[in-house]
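Enquirer: Handing you a structure now.
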Amino acid sequence: MTENQKELVKKTIPVLREHGVLLTSHFYNRMFEHNPELKHVFNMGNQKNKKQQTALAMTVLAYAEHIEDPGVLLPVIDSIGHKHTSLDIRRDHYPIVGKHLIASIKEVLGDDASDELLEAWTVAYQQLAELMAGHEQDIYDQKTIRKGGWAGWRSFVVQRKIKESEEITSFYLYPSDGGAVSDFIPGQYLSVRLFLPELNLLQPRQYSISSSPNGMYYRISVKREAGSQHPDGMISNRLHQFIQEGDIVEVSAPAGNFVLDVNSDHPKVFISGGVGQTPLMSMLEKLISNDNAAGVPITWIHGCRSEAVHAFKDRLEELANLDCLKKHIFYDIPGKDGADFHSGWVDLSMIKEDVLMPESDFYICGPAPFISKHYQFLLQNGVSKKHIHFEEFGPASLQLN
Ligand SMILES: Cc1cc2nc3c(=O)[nH]c(=O)nc-3n(C[C@H](O)[C@H](O)[C@H](O)COP(=O)(O)OP(=O)(O)OC[C@H]3O[C@@H](n4cnc5c(N)ncnc54)[C@H](O)[C@@H]3O)c2cc1C
Ligand code: HEM
C-alpha cells in the first residue's frame, strides 16, 4: 500500500467507529441477496441478533486503526482463522466478500466515497485477505496431517445421546466411515452442520468438545436455547428434539485457540457460567486422565441457575476424592448456602484463597458480562493478563486483552 492509501484508510476511522455496524449490516444484506448460497455457510442466528455484523465491524475498524502495522492483529486473525476453517471457508471465497464490502463502502458513504478512497480500501482488503487466507491454509494443513484428521465436513453418527441436566444434553459423535478421529487440544470446538427445513438451509454451529481426546469419538454438550422475547434457538432445539441416536450429522475438525496449556504445571482455575463449562470439562478430564501426574492444584468454579440445570454434577462428585481438586458451585438461589453450594451468582471475592493461588492459569467461559466481571476481578487482584484465557460462545464482542 502507498502512504497516501494508508492515510485514506485512516480517514475512514471516525465513520467506521460511528457507523461500522450500519456498513457491515448493509454488506451482509447485499452479499446474501447476490450470493444466496452463502446463507448455508453463515450462522443466520448471529445475523438476526446482529452479533456477526458487530464482530466484523470491530475487526474492520481495528484493521483501519492498525493499517501501519497489521501484524499486531495476528492474535485476532488467528481466532478468526480457526472459526473460518471450522466452517470450510476457502481462499476462493475472499474475492466475493471483497466485492460486496467495497461496493457497500461506496453505497453507504455515497458522495464521500471517492474513487481514490475505494481504490485504497480495495488494496487494503486484498492485503488483509492474503494474510488471512495464507494463515488459514496453514491451519488446514495442520488439520489434515494429523492422524484421523480432515478438512471440511465429515459425516458422524450420533451413537449416544445423554441428558446431563434439564437443559443440557450430550451427543457422542463417531465418524460414520469407521475411521479414527484426530486428537485435539482440550478447549477446542468443532462445527456441526444440520439442514433446517424451516429455513430451507444448511446451518452450522460451533460446539466445544466436552470429552478429553480419545481417538474414537467427540462428545459435545448442547444447551437447548429457549427463546423468551426471541424465537427458540434453531439448531440447539433441533438437536434436542429431532436428532436421535443413529442419526448422521456433518462435523468439521477441531479448531480454536482457547486451549489448555498441557505442558504447564501451574495451578489451574476454571471459572464457568452455565453451558460455558463444556470446554473446561474437557480440560479437567484431560488433567485427571493423566492422573494429574504433576499434582497440579485445580479449582473448579461453576455457576448456574439451580441444581436442575447443573450438568456434570455427578461427574464432579465422583472426582471429589481427588486431593488436588477443590470445587465451588454457585446456584442463583437466594437464601442460605447449601451443604455443597454457595447461594447467588459466582463471587470470587468469597473464595479468594482457592482462586488467587500464585502463578495460576485461569480459564473463563460463560456469557460476555460473566467473563468481563471475573476478568476485571482477577486484574484488580494482581493477576497478569497473560494468565487469563477466555472464550465467548459467539462472535467475539469483548476486547479485554
Ligand atoms: C466457540 C463456541 C463454542 C460453543 N460451545 C457450545 C457448547 O459447548 N454448548 C452449547 O450449548 N453451545 C455452544 N456454543 C453456542 C452454539 O454455537 C449456538 O450458538 C447455540 O447452540 C445456539 O444456537 P441455536 O441455533 O440454537 O440458536 P440461534 O437460532 O442461532 O439463535 C441464537 C440466539 O439468538 C436469539 N435470537 C433469535 N432471533 C433473534 C432476534 N431477532 N433478535 C435477537 N435475538 C434473536 C435466539 O433466541 C437465541 O438465543 C458455542 C459457540 C461458540 C462460538
Ligand atoms: C478480510 C476478510 C474477512 C474478515 C475481516 C472477516 C472477519 C470475521 C470475523 C471478525 C468473524 C467473527 C469471528 C468470531 O469472533 O468468532 C468472522 C466469522 C465468519 N466469517 Fe469471516 N471475515 C472475512 C472473510 C470471510 C470470508 C471470505 C468468508 C466466506 C464467505 C467468511 C465467512 C465467515 C463466517 C461464515 C463466519 C462465522 C459467522 C457466524 O458465526 O455468524 N469470512 N469473520
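Each chain in the C-alpha cells gets a letter, A, B and so on, in the order shown; residues start at 1 in every chain, and ligands are counted from 1 in the order they appear.
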Give me, as a count of residues only, the set of residues whose atoms come within 8 Å of any atom of ligand 2, counting only C-alpha atoms and all ligand atoms.
Expert: 43
Enquirer: Given the choices A:Val181, A:Thr54, A:Asn4, A:Pro279, which gets closest to Trp121 of chain A if the distance is worked out from only C-alpha atoms?
Expert: A:Asn4
Enquirer: Would you please give, as number ranges by chain, all residues of segment 222-287 of chain A that DSSP assigns to helix (DSSP H, G or I) based on the backbone?
Expert: A: 234-241, 274-287
Enquirer: Counting only C-alpha atoms, which residue out of A:Gly295, A:Gly110, A:Gly20, A:Pro204 sits closest to His266 of chain A?
Expert: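 Counting only C-alpha atoms, the residue closest to His266 of chain A is A:Gly295.
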